[in-house]
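Structure data follow from my_file-v7.txt (compact mmCIF, C-alpha atoms and all ligand atoms):
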# COMPACT_ATOMS: atom_id res chain seq x y z
CA GLY A 1 -2.65 -12.58 -5.88
CA PHE A 2 -0.10 -14.63 -7.76
CA LYS A 3 -1.14 -16.89 -10.60
CA CYS A 4 0.32 -20.05 -12.10
CA GLY A 5 -0.93 -20.95 -15.58
CA ILE A 6 -1.26 -24.65 -16.42
CA VAL A 7 -0.28 -25.25 -20.06
CA GLY A 8 0.51 -28.25 -22.25
CA LEU A 9 -0.63 -30.08 -25.35
CA PRO A 10 -4.13 -31.61 -25.43
CA ASN A 11 -4.59 -34.93 -23.58
CA VAL A 12 -1.55 -34.69 -21.35
CA GLY A 13 -3.56 -34.43 -18.11
CA LYS A 14 -3.97 -30.69 -17.54
CA SER A 15 -7.63 -30.79 -16.61
CA THR A 16 -7.17 -33.88 -14.46
CA LEU A 17 -4.47 -32.05 -12.53
CA PHE A 18 -6.40 -28.79 -12.32
CA ASN A 19 -9.55 -30.52 -11.11
CA ALA A 20 -7.62 -32.44 -8.48
CA LEU A 21 -5.98 -29.20 -7.32
CA THR A 22 -9.28 -27.41 -6.91
CA GLU A 23 -11.25 -30.38 -5.55
CA THR A 24 -8.84 -30.98 -2.66
CA GLN A 25 -9.60 -27.49 -1.57
CA ALA A 26 -13.34 -27.87 -1.87
CA ALA A 27 -13.22 -31.14 0.07
CA GLN A 28 -11.20 -29.70 2.91
CA ALA A 29 -14.07 -27.42 3.85
CA ALA A 30 -13.85 -24.69 6.47
CA ASN A 31 -10.13 -24.67 7.15
CA TYR A 32 -9.20 -24.36 3.54
CA PRO A 33 -11.15 -21.50 2.05
CA PHE A 34 -11.70 -22.23 -1.58
CA CYS A 35 -13.34 -20.23 -4.22
CA THR A 36 -13.70 -20.52 -7.92
CA ILE A 37 -13.24 -17.14 -9.52
CA GLU A 38 -13.95 -18.43 -12.99
CA PRO A 39 -14.45 -21.99 -14.17
CA ASN A 40 -10.81 -22.27 -15.10
CA VAL A 41 -9.30 -20.40 -12.15
CA GLY A 42 -8.92 -21.98 -8.72
CA GLN A 43 -7.50 -20.61 -5.52
CA VAL A 44 -5.52 -23.25 -3.74
CA ALA A 45 -4.22 -23.33 -0.15
CA VAL A 46 -0.44 -23.60 0.11
CA PRO A 47 0.26 -26.62 2.34
CA ASP A 48 2.55 -25.72 5.24
CA PRO A 49 3.00 -28.11 8.18
CA ARG A 50 4.54 -25.27 10.24
CA LEU A 51 1.12 -23.68 10.52
CA ASP A 52 -0.29 -26.68 12.39
CA GLN A 53 2.69 -26.65 14.77
CA LEU A 54 2.12 -22.97 15.54
CA ALA A 55 -1.60 -23.49 16.01
CA ALA A 56 -0.97 -26.40 18.42
CA ILE A 57 1.33 -24.30 20.64
CA SER A 58 -0.87 -21.24 20.78
CA LYS A 59 -4.13 -23.25 20.83
CA SER A 60 -5.46 -21.30 17.86
CA ALA A 61 -9.08 -22.03 17.04
CA LYS A 62 -8.49 -21.80 13.31
CA VAL A 63 -5.74 -22.41 10.81
CA ILE A 64 -5.70 -20.26 7.68
CA HIS A 65 -3.35 -21.08 4.83
CA THR A 66 -2.03 -18.62 2.33
CA GLN A 67 -3.20 -19.11 -1.23
CA LEU A 68 -2.00 -19.39 -4.77
CA SER A 69 -4.13 -19.27 -7.93
CA PHE A 70 -3.99 -21.82 -10.72
CA VAL A 71 -5.41 -21.17 -14.16
CA ASP A 72 -6.19 -23.97 -16.60
CA ILE A 73 -5.07 -22.53 -19.94
CA ALA A 74 -6.37 -24.90 -22.61
CA GLY A 75 -6.28 -24.40 -26.33
CA LEU A 76 -2.70 -24.49 -27.47
CA VAL A 77 -2.47 -25.46 -31.09
CA LYS A 78 0.51 -25.50 -33.37
CA GLY A 79 0.60 -22.11 -35.06
CA ALA A 80 -0.78 -20.23 -32.06
CA SER A 81 1.84 -17.53 -32.51
CA ALA A 82 0.61 -16.96 -36.06
CA GLY A 83 -2.25 -15.30 -34.27
CA GLU A 84 -5.32 -17.26 -35.29
CA GLY A 85 -8.37 -17.09 -33.02
CA LEU A 86 -7.91 -19.39 -30.07
CA GLY A 87 -4.14 -19.28 -30.41
CA ASN A 88 -4.09 -15.58 -29.76
CA GLN A 89 -6.29 -15.99 -26.74
CA PHE A 90 -4.03 -18.74 -25.46
CA LEU A 91 -0.98 -16.50 -25.62
CA GLY A 92 -2.91 -13.63 -24.04
CA ASN A 93 -3.87 -15.88 -21.12
CA ILE A 94 -0.25 -16.84 -20.61
CA ARG A 95 0.80 -13.21 -20.61
CA GLU A 96 -1.39 -12.65 -17.55
CA VAL A 97 0.13 -15.33 -15.32
CA ASP A 98 3.24 -15.00 -13.16
CA ALA A 99 4.58 -18.50 -13.74
CA ILE A 100 4.02 -21.38 -16.13
CA VAL A 101 3.19 -24.90 -14.99
CA HIS A 102 3.90 -26.99 -18.06
CA VAL A 103 2.31 -30.45 -17.93
CA LEU A 104 4.11 -33.12 -19.96
CA ARG A 105 2.74 -36.55 -20.70
CA CYS A 106 5.14 -39.18 -19.37
CA PHE A 107 2.61 -42.03 -19.15
CA GLU A 108 1.89 -44.77 -21.67
CA ASP A 109 -1.74 -45.62 -22.25
CA ASP A 110 -2.91 -47.00 -25.59
CA ASP A 111 -6.47 -45.89 -24.90
CA ILE A 112 -5.53 -42.26 -24.66
CA GLN A 113 -4.61 -40.69 -27.91
CA HIS A 114 -1.52 -38.60 -28.13
CA VAL A 115 -1.73 -35.66 -30.52
CA ALA A 116 1.49 -36.71 -32.26
CA ASN A 117 0.86 -40.46 -31.76
CA LYS A 118 3.99 -40.87 -29.69
CA VAL A 119 4.73 -40.28 -26.02
CA ASP A 120 7.71 -37.96 -26.12
CA PRO A 121 7.70 -35.22 -23.46
CA LEU A 122 10.75 -33.40 -24.82
CA ALA A 123 9.23 -33.10 -28.30
CA ASP A 124 5.93 -32.00 -26.72
CA ALA A 125 7.68 -29.36 -24.64
CA GLU A 126 9.35 -28.06 -27.77
CA VAL A 127 6.03 -27.62 -29.58
CA VAL A 128 4.69 -25.42 -26.79
CA GLU A 129 7.93 -23.55 -26.27
CA THR A 130 8.34 -22.86 -29.96
CA GLU A 131 5.00 -21.08 -30.04
CA LEU A 132 5.97 -18.96 -27.05
CA MET A 133 9.37 -18.15 -28.51
CA LEU A 134 7.93 -17.20 -31.89
CA SER A 135 5.49 -14.89 -30.20
CA ASP A 136 8.29 -13.21 -28.19
CA LEU A 137 10.51 -13.00 -31.25
CA GLU A 138 7.90 -11.24 -33.28
CA SER A 139 7.07 -8.68 -30.62
CA LEU A 140 10.74 -8.06 -29.84
CA GLU A 141 11.87 -7.41 -33.37
CA LYS A 142 9.61 -4.38 -33.59
CA ARG A 143 10.37 -3.17 -30.09
CA VAL A 144 14.14 -3.47 -30.39
CA ASP A 145 14.17 -1.58 -33.71
CA ASN A 146 12.07 1.13 -32.20
CA ALA A 147 14.22 1.39 -29.05
CA LYS A 148 17.42 1.53 -31.09
CA ARG A 149 16.05 4.39 -33.15
CA ARG A 150 15.14 6.38 -30.05
CA ALA A 151 18.49 5.54 -28.41
CA THR A 152 20.32 7.02 -31.39
CA ALA A 153 18.32 10.19 -30.88
CA GLY A 154 19.75 10.38 -27.35
CA ASP A 155 16.97 8.81 -25.26
CA LYS A 156 18.72 7.23 -22.24
CA GLU A 157 15.87 4.93 -21.26
CA ALA A 158 15.62 3.70 -24.84
CA LYS A 159 19.31 2.86 -24.74
CA ALA A 160 18.83 0.59 -21.72
CA LEU A 161 15.75 -0.92 -23.36
CA ALA A 162 17.57 -1.61 -26.61
CA SER A 163 20.40 -3.23 -24.70
CA VAL A 164 18.31 -5.58 -22.54
CA LEU A 165 15.69 -6.47 -25.15
CA GLY A 166 18.45 -6.83 -27.76
CA GLN A 167 20.05 -9.43 -25.52
CA ALA A 168 16.73 -11.30 -25.21
CA LEU A 169 16.28 -11.15 -28.98
CA GLU A 170 19.71 -12.74 -29.55
CA LEU A 171 18.83 -15.57 -27.17
CA LEU A 172 15.51 -16.20 -28.91
CA ARG A 173 17.16 -16.20 -32.34
CA ASP A 174 19.44 -18.85 -30.88
CA GLY A 175 16.41 -20.94 -29.88
CA LYS A 176 16.77 -20.10 -26.18
CA PRO A 177 14.15 -18.67 -23.79
CA ALA A 178 14.29 -14.99 -22.80
CA ARG A 179 14.51 -16.23 -19.18
CA LEU A 180 18.28 -16.54 -19.66
CA THR A 181 18.67 -12.78 -20.23
CA GLN A 182 20.94 -11.05 -17.72
CA PRO A 183 19.82 -7.46 -17.29
CA ASN A 184 22.63 -5.05 -16.53
CA GLY A 185 21.62 -2.93 -13.53
CA ASP A 186 18.32 -1.90 -11.96
CA ASP A 187 16.98 0.04 -14.95
CA GLU A 188 17.43 -2.84 -17.34
CA GLU A 189 15.93 -5.20 -14.79
CA ARG A 190 12.80 -3.06 -14.48
CA LEU A 191 12.45 -2.62 -18.25
CA PHE A 192 12.90 -6.33 -18.80
CA GLU A 193 10.14 -7.11 -16.32
CA GLN A 194 7.84 -4.58 -17.95
CA ALA A 195 8.40 -6.21 -21.33
CA GLN A 196 6.35 -9.19 -20.05
CA LEU A 197 7.91 -11.73 -22.36
CA LEU A 198 6.26 -15.13 -22.38
CA THR A 199 9.51 -17.05 -22.27
CA ALA A 200 10.84 -14.89 -19.43
CA LYS A 201 8.32 -16.38 -17.02
CA PRO A 202 9.59 -19.04 -14.64
CA VAL A 203 8.64 -22.61 -15.61
CA LEU A 204 7.75 -25.70 -13.62
CA TYR A 205 7.55 -28.92 -15.62
CA VAL A 206 5.03 -31.38 -14.24
CA CYS A 207 5.86 -34.89 -15.43
CA ASN A 208 2.57 -36.76 -15.49
CA VAL A 209 3.61 -40.39 -15.01
CA GLY A 210 1.63 -43.64 -14.78
CA GLU A 211 0.44 -44.87 -11.41
CA GLY A 212 3.30 -47.35 -11.02
CA ASP A 213 5.93 -44.65 -11.49
CA ALA A 214 4.52 -42.06 -9.09
CA ALA A 215 7.17 -42.58 -6.39
CA THR A 216 10.19 -43.08 -8.63
CA GLY A 217 9.52 -41.31 -11.90
CA ASN A 218 10.54 -43.05 -15.13
CA ASP A 219 12.96 -42.69 -18.05
CA LEU A 220 10.82 -40.01 -19.66
CA SER A 221 10.54 -37.89 -16.52
CA ALA A 222 14.31 -38.26 -15.99
CA LYS A 223 14.85 -36.61 -19.38
CA VAL A 224 12.55 -33.76 -18.42
CA PHE A 225 14.52 -33.25 -15.20
CA GLU A 226 17.73 -32.98 -17.24
CA LYS A 227 16.13 -30.42 -19.51
CA ALA A 228 14.86 -28.40 -16.55
CA ALA A 229 18.29 -28.36 -14.93
CA ALA A 230 19.90 -27.16 -18.16
CA GLU A 231 17.58 -24.19 -18.56
CA GLY A 232 17.08 -22.98 -15.00
CA ALA A 233 13.58 -24.41 -14.67
CA GLN A 234 12.06 -26.73 -12.05
CA ALA A 235 10.41 -30.14 -12.41
CA VAL A 236 8.23 -32.47 -10.32
CA VAL A 237 6.84 -35.98 -10.86
CA VAL A 238 3.11 -36.42 -10.40
CA SER A 239 0.54 -39.00 -11.39
CA ALA A 240 -2.56 -37.00 -12.19
CA ALA A 241 -4.60 -40.22 -12.17
CA ILE A 242 -3.52 -40.97 -8.58
CA GLU A 243 -4.15 -37.41 -7.52
CA SER A 244 -7.71 -37.58 -8.76
CA GLU A 245 -8.19 -40.83 -6.79
CA ILE A 246 -6.78 -39.23 -3.64
CA VAL A 247 -9.11 -36.25 -3.73
CA ALA A 248 -12.08 -38.59 -4.01
CA MET A 249 -11.06 -40.35 -0.75
CA ALA A 250 -11.98 -39.53 2.81
CA PRO A 251 -9.12 -37.45 4.26
CA GLU A 252 -8.38 -40.06 6.93
CA ASP A 253 -7.73 -42.72 4.26
CA ARG A 254 -5.28 -40.65 2.26
CA ALA A 255 -2.12 -41.10 4.33
CA GLU A 256 -2.32 -44.89 4.16
CA PHE A 257 -2.94 -44.84 0.41
CA LEU A 258 0.06 -42.56 -0.13
CA ALA A 259 2.24 -44.76 2.07
CA GLU A 260 1.26 -47.85 0.05
CA LEU A 261 2.45 -46.08 -3.08
CA GLY A 262 5.70 -45.10 -1.39
CA LEU A 263 4.78 -41.40 -1.27
CA GLU A 264 5.26 -39.05 1.66
CA GLU A 265 2.79 -36.47 0.50
CA SER A 266 0.48 -35.90 -2.41
CA GLY A 267 1.89 -34.76 -5.72
CA LEU A 268 -0.44 -31.79 -5.58
CA ALA A 269 1.23 -30.53 -2.42
CA ARG A 270 4.55 -30.70 -4.25
CA VAL A 271 3.18 -28.87 -7.29
CA ILE A 272 1.73 -26.09 -5.15
CA ARG A 273 4.90 -25.67 -3.13
CA ALA A 274 7.11 -25.75 -6.21
CA GLY A 275 4.90 -23.10 -7.84
CA TYR A 276 5.19 -20.96 -4.73
CA GLU A 277 8.98 -21.24 -4.69
CA LEU A 278 9.18 -20.62 -8.41
CA LEU A 279 7.55 -17.25 -7.86
CA GLY A 280 10.06 -16.34 -5.16
CA LEU A 281 7.29 -16.31 -2.55
CA LYS A 282 7.93 -16.70 1.18
CA THR A 283 5.69 -17.02 4.20
CA PHE A 284 5.36 -15.20 7.48
CA PHE A 285 2.86 -16.03 10.21
CA THR A 286 0.50 -14.27 12.57
CA VAL A 287 -0.46 -16.38 15.56
CA GLY A 288 -3.07 -15.95 18.28
CA PRO A 289 -5.88 -17.77 20.07
CA LYS A 290 -8.34 -16.92 17.30
CA GLU A 291 -6.24 -18.09 14.39
CA ALA A 292 -2.85 -19.12 13.14
CA ARG A 293 -2.44 -17.67 9.71
CA ALA A 294 0.11 -17.78 6.91
CA TRP A 295 0.79 -14.75 4.70
CA THR A 296 2.70 -14.47 1.46
CA PHE A 297 5.46 -11.96 0.82
CA HIS A 298 7.99 -11.50 -1.93
CA ASP A 299 11.53 -12.58 -1.15
CA GLY A 300 13.46 -9.51 -0.02
CA ALA A 301 10.41 -7.59 1.25
CA ARG A 302 10.87 -5.33 4.29
CA ALA A 303 8.64 -5.31 7.37
CA PRO A 304 6.25 -2.52 6.24
CA GLN A 305 5.54 -4.26 2.93
CA ALA A 306 4.87 -7.51 4.74
CA ALA A 307 2.50 -5.63 7.07
CA GLY A 308 0.77 -4.27 3.97
CA GLU A 309 -0.14 -7.83 2.97
CA ILE A 310 -2.50 -7.84 5.95
CA HIS A 311 -3.85 -4.32 5.60
CA THR A 312 -2.74 -1.18 3.79
CA ASP A 313 -3.17 0.75 7.10
CA PHE A 314 -0.55 -1.51 8.66
CA GLU A 315 1.92 -0.44 6.01
CA ARG A 316 1.03 3.24 6.02
CA GLY A 317 1.14 3.59 9.82
CA PHE A 318 3.94 1.09 10.41
CA ILE A 319 5.91 1.68 13.63
CA ARG A 320 7.70 -1.61 14.27
CA ALA A 321 7.32 -5.37 14.11
CA GLU A 322 7.72 -7.75 17.02
CA THR A 323 9.30 -10.79 15.43
CA ILE A 324 10.09 -14.35 16.51
CA ALA A 325 11.83 -16.81 14.18
CA PHE A 326 9.76 -19.95 13.57
CA ASN A 327 12.28 -22.30 15.22
CA ASP A 328 12.53 -20.10 18.32
CA TYR A 329 8.75 -19.96 18.60
CA ILE A 330 8.54 -23.76 18.51
CA THR A 331 11.49 -24.66 20.72
CA LEU A 332 10.70 -22.00 23.34
CA GLY A 333 7.05 -23.02 23.53
CA GLY A 334 5.46 -19.90 22.06
CA GLU A 335 5.44 -16.14 22.46
CA SER A 336 6.01 -15.75 26.22
CA GLY A 337 8.81 -18.34 26.22
CA ALA A 338 10.48 -16.57 23.31
CA ARG A 339 10.08 -13.19 25.02
CA GLU A 340 11.69 -14.46 28.26
CA ALA A 341 14.59 -15.96 26.30
CA GLY A 342 15.17 -12.63 24.55
CA LYS A 343 14.15 -14.09 21.20
CA LEU A 344 11.34 -11.65 20.55
CA ARG A 345 13.01 -9.00 18.42
CA GLN A 346 11.87 -5.41 17.87
CA GLU A 347 12.39 -4.76 14.17
CA GLY A 348 12.07 -1.47 12.29
CA LYS A 349 11.11 -0.44 8.77
CA ASP A 350 14.34 -1.68 7.19
CA TYR A 351 14.04 -5.23 8.50
CA VAL A 352 14.15 -7.78 5.68
CA VAL A 353 11.48 -10.33 6.57
CA GLN A 354 12.63 -13.96 6.78
CA ASP A 355 10.68 -17.03 5.76
CA GLY A 356 8.91 -18.45 8.82
CA ASP A 357 8.94 -15.25 10.90
CA VAL A 358 6.09 -14.98 13.40
CA MET A 359 5.15 -11.30 13.40
CA MET A 360 3.05 -8.78 15.25
CA PHE A 361 2.83 -5.28 13.86
CA LYS A 362 2.61 -2.03 15.82
CA PHE A 363 1.12 0.78 13.80
CA ASN A 364 -0.53 4.22 13.99
CA VAL A 365 -4.04 4.57 12.66
P1 LIG A 401 -5.91 -32.24 -21.02
O1 LIG A 401 -6.45 -32.25 -22.39
O2 LIG A 401 -4.43 -31.99 -21.00
O3 LIG A 401 -6.63 -31.37 -20.06
O4 LIG A 401 -5.99 -33.76 -20.50
P2 LIG A 401 -7.07 -34.43 -19.52
O5 LIG A 401 -6.76 -34.08 -18.10
O6 LIG A 401 -8.44 -34.19 -20.01
O7 LIG A 401 -6.65 -35.96 -19.72
C1 LIG A 401 -6.77 -36.58 -20.97
C2 LIG A 401 -7.02 -38.06 -20.76
O8 LIG A 401 -5.87 -38.67 -20.16
C3 LIG A 401 -8.17 -38.32 -19.81
O9 LIG A 401 -8.89 -39.45 -20.30
C4 LIG A 401 -7.49 -38.64 -18.49
O10 LIG A 401 -8.28 -39.51 -17.70
C5 LIG A 401 -6.22 -39.33 -18.95
N1 LIG A 401 -5.15 -39.17 -17.99
C6 LIG A 401 -4.74 -38.03 -17.37
N2 LIG A 401 -3.70 -38.29 -16.54
C7 LIG A 401 -3.45 -39.62 -16.64
C8 LIG A 401 -2.51 -40.49 -16.01
O11 LIG A 401 -1.68 -40.09 -15.15
N3 LIG A 401 -2.55 -41.81 -16.38
C9 LIG A 401 -3.46 -42.29 -17.30
N4 LIG A 401 -3.43 -43.57 -17.61
N5 LIG A 401 -4.38 -41.49 -17.87
C10 LIG A 401 -4.37 -40.18 -17.56
How does the structure come out when it is put into structure tokens?
Ligand code: GDP
Amino acid sequence: GFKCGIVGLPNVGKSTLFNALTETQAAQAANYPFCTIEPNVGQVAVPDPRLDQLAAISKSAKVIHTQLSFVDIAGLVKGASAGEGLGNQFLGNIREVDAIVHVLRCFEDDDIQHVANKVDPLADAEVVETELMLSDLESLEKRVDNAKRRATAGDKEAKALASVLGQALELLRDGKPARLTQPNGDDEERLFEQAQLLTAKPVLYVCNVGEGDAATGNDLSAKVFEKAAAEGAQAVVVSAAIESEIVAMAPEDRAEFLAELGLEESGLARVIRAGYELLGLKTFFTVGPKEARAWTFHDGARAPQAAGEIHTDFERGFIRAETIAFNDYITLGGESGAREAGKLRQEGKDYVVQDGDVMMFKFNV
């Protein structure tokens, strides 16, 4: 499955956020399968109101959400890239995740010490990012030299590698993340992905604001949003303190509490969804009397790959997919209505699956 790594300086609210994320799941019992793989890894259901609508129409007994993993990656210290003990481990943990959720302290609280004695999310972000950039820089310098040498000797793959990693190296020397690299063609794209650079991973900034600012954000979070926009990253406003209060409440009391704060949904739901989008993940559904279930696929996937999310046999023996767009399914009152209206499509192996598709796969065993 896909993993989002939660990073940030000490005392910014990472653990509070992570615990709230995993506790919601535990509290929601049967319908939200939750499991802790390791103490610092939690699998979290991706909230999707469409699933409840589908389940209502087809009278499904169960609703099963698709999931995303979050990893609490503690232990960043200045100098991590210099490779001392915990720092090394920190960078290694980041290498293993697909996206970075970077928590930034945007709340004032005299009782909670800030590592630099000043609440300044942009400066904090820079400390973390500098470590990641230094680590990438160091690994790239060797790799680019090596690729250039092999390219001179006539190695075609090395030429593409030298070109794409050389571009990343220039960006990093300029103080910019490798994320801004523009690979030239499919080969460079593949090689760039394989290089697994830390600063190439997509980033979501989570602005942890005080309770009073949860609905509106504040001046500090506004600055983070500007930064995110400038560098092709995403940002959300959350109050980790509120989120940990919400998860401690009975589910039926939550909506009222959120409404009093001027919030439509919990900040956690927004973090999870933003993480999902950041990874380029989309959802298709399978719907029946037993269960309505959401499945994750990668944007651009074709029908057989989507089928493979359910079972490898479905992919191997794929014949076709009967597909109904979400809106058609809802407005036509379900499968038979959609079929009568000619909105149940027979799609083959080249069909590019769309977000919200309700699918049934035909396959050979
Ligand atoms: P971590 O070191 O980044 O994992 O930070 P923690 O989640 O352990 O939080 C550090 C301290 O800040 C704890 O005492 C939290 O209760 C507190 N804290 C976290 N989020 C908030 C918040 O939104 N508002 C306030 N006032 N305190 C918070």
Do a neighbour search on stretch 360-363 of chain A at 6 Å with all atoms listed in the file, toss out local chain neighbours closer than 3 positions, and write the hits as a PyMOL selection string.
-> chain A and resi 314+317-322
Residues within 10 Å of (6.7, -32.1, -8.9), file coords, all atoms listed in the file, listed as a short mmCIF file (atom, residue, chain, number, x, y, z; two decimals) with C-alpha atoms, keeping the file's coordinate frame:
data_model
loop_
_atom_site.label_atom_id
_atom_site.label_comp_id
_atom_site.auth_asym_id
_atom_site.auth_seq_id
_atom_site.Cartn_x
_atom_site.Cartn_y
_atom_site.Cartn_z
CA LEU A 204 7.75 -25.70 -13.62
CA TYR A 205 7.55 -28.92 -15.62
CA VAL A 206 5.03 -31.38 -14.24
CA CYS A 207 5.86 -34.89 -15.43
CA ASN A 208 2.57 -36.76 -15.49
CA GLN A 234 12.06 -26.73 -12.05
CA ALA A 235 10.41 -30.14 -12.41
CA VAL A 236 8.23 -32.47 -10.32
CA VAL A 237 6.84 -35.98 -10.86
CA VAL A 238 3.11 -36.42 -10.40
CA SER A 239 0.54 -39.00 -11.39
CA SER A 266 0.48 -35.90 -2.41
CA GLY A 267 1.89 -34.76 -5.72
CA LEU A 268 -0.44 -31.79 -5.58
CA ALA A 269 1.23 -30.53 -2.42
CA ARG A 270 4.55 -30.70 -4.25
CA VAL A 271 3.18 -28.87 -7.29
CA ILE A 272 1.73 -26.09 -5.15
CA ARG A 273 4.90 -25.67 -3.13
CA ALA A 274 7.11 -25.75 -6.21
CA GLY A 275 4.90 -23.10 -7.84
#
Name each residue within 7 Å of ligand LIG 401 (chain A), counting only C-alpha atoms and all ligand atoms, as a list in words.
->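 So, counting only C-alpha atoms and all ligand atoms, the residues near ligand LIG 401 (chain A) are Gly8, Leu9, Pro10, Asn11, Val12, Gly13, Lys14, Ser15, Thr16, Leu17, Ala74, Phe107, Glu108, Asp109, Ile112, Asn208, Val209, Gly210, Glu211, Ser239, Ala240, Ala241 and Ile242 of chain A.
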Would you kindly return, as a ChimeraX atom specification, each protein, DNA or RNA residue with an atom no farther than 8 Å from any atom of A:Phe70, considering only C-alpha atoms and excluding same-chain residues fewer than 5 positions away?
-> /A:3-6,18,41-44
Between A:Gln113, A:Thr286, A:Ser69, A:Ser58, which is the closest to A:Leu332 once you count only C-alpha atoms?
->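 Answer, going by the shortest atom-to-atom distance: A:Ser58.
Straight-line separation from atom CA of A:Val127 to atom CA of A:Thr22: 27.4 Å.
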Within 12 Å of stretch 307-313 of chain A, counting only C-alpha atoms, which residues qualify if same-chain residues fewer than 2 places away don't, as a ChimeraX atom specification?
-> /A:1,66,283-286,293-298,301-305,315-323,348-349,351-353,358-365
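Between atom CA of A:Asp72 and atom CA of A:Ala200 lies a distance of 19.5 Å.
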Have a look at A:Pro289, A:Gly92, A:Gly334, A:Gly166 and name the one nearest to A:Asp145; count all atoms listed in the file.
->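 Smallest separation from A:Asp145 among the options: A:Gly166.
Atom CA of A:Ala20 sits 12.5 Å away from atom CA of A:Asn40.
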Polymer residues at most 12 Å from A:Leu258, only C-alpha atoms, same-chain spacing of 2 or more positions, as a PDB file with C-alpha atoms, in the frame of the given file:
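Generated file (part-v2.pdb):
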ATOM      1  CA  GLU A 211       0.440 -44.870 -11.410  1.00  0.00           C
ATOM      2  CA  ALA A 214       4.520 -42.060  -9.090  1.00  0.00           C
ATOM      3  CA  ALA A 215       7.170 -42.580  -6.390  1.00  0.00           C
ATOM      4  CA  SER A 239       0.540 -39.000 -11.390  1.00  0.00           C
ATOM      5  CA  ILE A 242      -3.520 -40.970  -8.580  1.00  0.00           C
ATOM      6  CA  GLU A 243      -4.150 -37.410  -7.520  1.00  0.00           C
ATOM      7  CA  GLU A 245      -8.190 -40.830  -6.790  1.00  0.00           C
ATOM      8  CA  ILE A 246      -6.780 -39.230  -3.640  1.00  0.00           C
ATOM      9  CA  VAL A 247      -9.110 -36.250  -3.730  1.00  0.00           C
ATOM     10  CA  MET A 249     -11.060 -40.350  -0.750  1.00  0.00           C
ATOM     11  CA  PRO A 251      -9.120 -37.450   4.260  1.00  0.00           C
ATOM     12  CA  GLU A 252      -8.380 -40.060   6.930  1.00  0.00           C
ATOM     13  CA  ASP A 253      -7.730 -42.720   4.260  1.00  0.00           C
ATOM     14  CA  ARG A 254      -5.280 -40.650   2.260  1.00  0.00           C
ATOM     15  CA  ALA A 255      -2.120 -41.100   4.330  1.00  0.00           C
ATOM     16  CA  GLU A 256      -2.320 -44.890   4.160  1.00  0.00           C
ATOM     17  CA  GLU A 260       1.260 -47.850   0.050  1.00  0.00           C
ATOM     18  CA  LEU A 261       2.450 -46.080  -3.080  1.00  0.00           C
ATOM     19  CA  GLY A 262       5.700 -45.100  -1.390  1.00  0.00           C
ATOM     20  CA  LEU A 263       4.780 -41.400  -1.270  1.00  0.00           C
ATOM     21  CA  GLU A 264       5.260 -39.050   1.660  1.00  0.00           C
ATOM     22  CA  GLU A 265       2.790 -36.470   0.500  1.00  0.00           C
ATOM     23  CA  SER A 266       0.480 -35.900  -2.410  1.00  0.00           C
ATOM     24  CA  GLY A 267       1.890 -34.760  -5.720  1.00  0.00           C
TER      25      GLY A 267
END
Please provide as a ChimeraX atom specification all residues within 12 Å of A:Gly185, with the sequence filter that same-chain residues fewer than 5 positions apart are discarded (counting all atoms listed in the file).
-> /A:160-161,163-164,190-192
Could you give me stretch 314-323 of chain A completed to N, CA and C atoms, formatted as an mmCIF file, in the frame of the given file?
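rebuild-v5.cif, written as the output of this step:
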data_model
loop_
_atom_site.group_PDB
_atom_site.id
_atom_site.type_symbol
_atom_site.label_atom_id
_atom_site.label_comp_id
_atom_site.auth_asym_id
_atom_site.auth_seq_id
_atom_site.Cartn_x
_atom_site.Cartn_y
_atom_site.Cartn_z
ATOM 1 N N PHE A 314 -1.701 -0.989 7.924
ATOM 2 C CA PHE A 314 -0.550 -1.510 8.660
ATOM 3 C C PHE A 314 0.748 -1.007 8.028
ATOM 4 N N GLU A 315 0.724 -0.895 6.707
ATOM 5 C CA GLU A 315 1.920 -0.440 6.010
ATOM 6 C C GLU A 315 2.087 1.074 6.172
ATOM 7 N N ARG A 316 0.982 1.786 5.966
ATOM 8 C CA ARG A 316 1.030 3.240 6.020
ATOM 9 C C ARG A 316 1.440 3.725 7.412
ATOM 10 N N GLY A 317 0.872 3.111 8.462
ATOM 11 C CA GLY A 317 1.140 3.590 9.820
ATOM 12 C C GLY A 317 2.197 2.771 10.556
ATOM 13 N N PHE A 318 2.986 2.026 9.812
ATOM 14 C CA PHE A 318 3.940 1.090 10.410
ATOM 15 C C PHE A 318 4.865 1.758 11.436
ATOM 16 N N ILE A 319 4.956 1.202 12.632
ATOM 17 C CA ILE A 319 5.910 1.680 13.630
ATOM 18 C C ILE A 319 7.049 0.671 13.786
ATOM 19 N N ARG A 320 6.684 -0.544 14.168
ATOM 20 C CA ARG A 320 7.700 -1.610 14.270
ATOM 21 C C ARG A 320 7.016 -2.967 14.239
ATOM 22 N N ALA A 321 7.850 -4.004 14.123
ATOM 23 C CA ALA A 321 7.320 -5.370 14.110
ATOM 24 C C ALA A 321 7.979 -6.167 15.228
ATOM 25 N N GLU A 322 7.171 -6.825 16.035
ATOM 26 C CA GLU A 322 7.720 -7.750 17.020
ATOM 27 C C GLU A 322 7.828 -9.100 16.319
ATOM 28 N N THR A 323 9.042 -9.631 16.286
ATOM 29 C CA THR A 323 9.300 -10.790 15.430
ATOM 30 C C THR A 323 9.974 -11.930 16.182
#
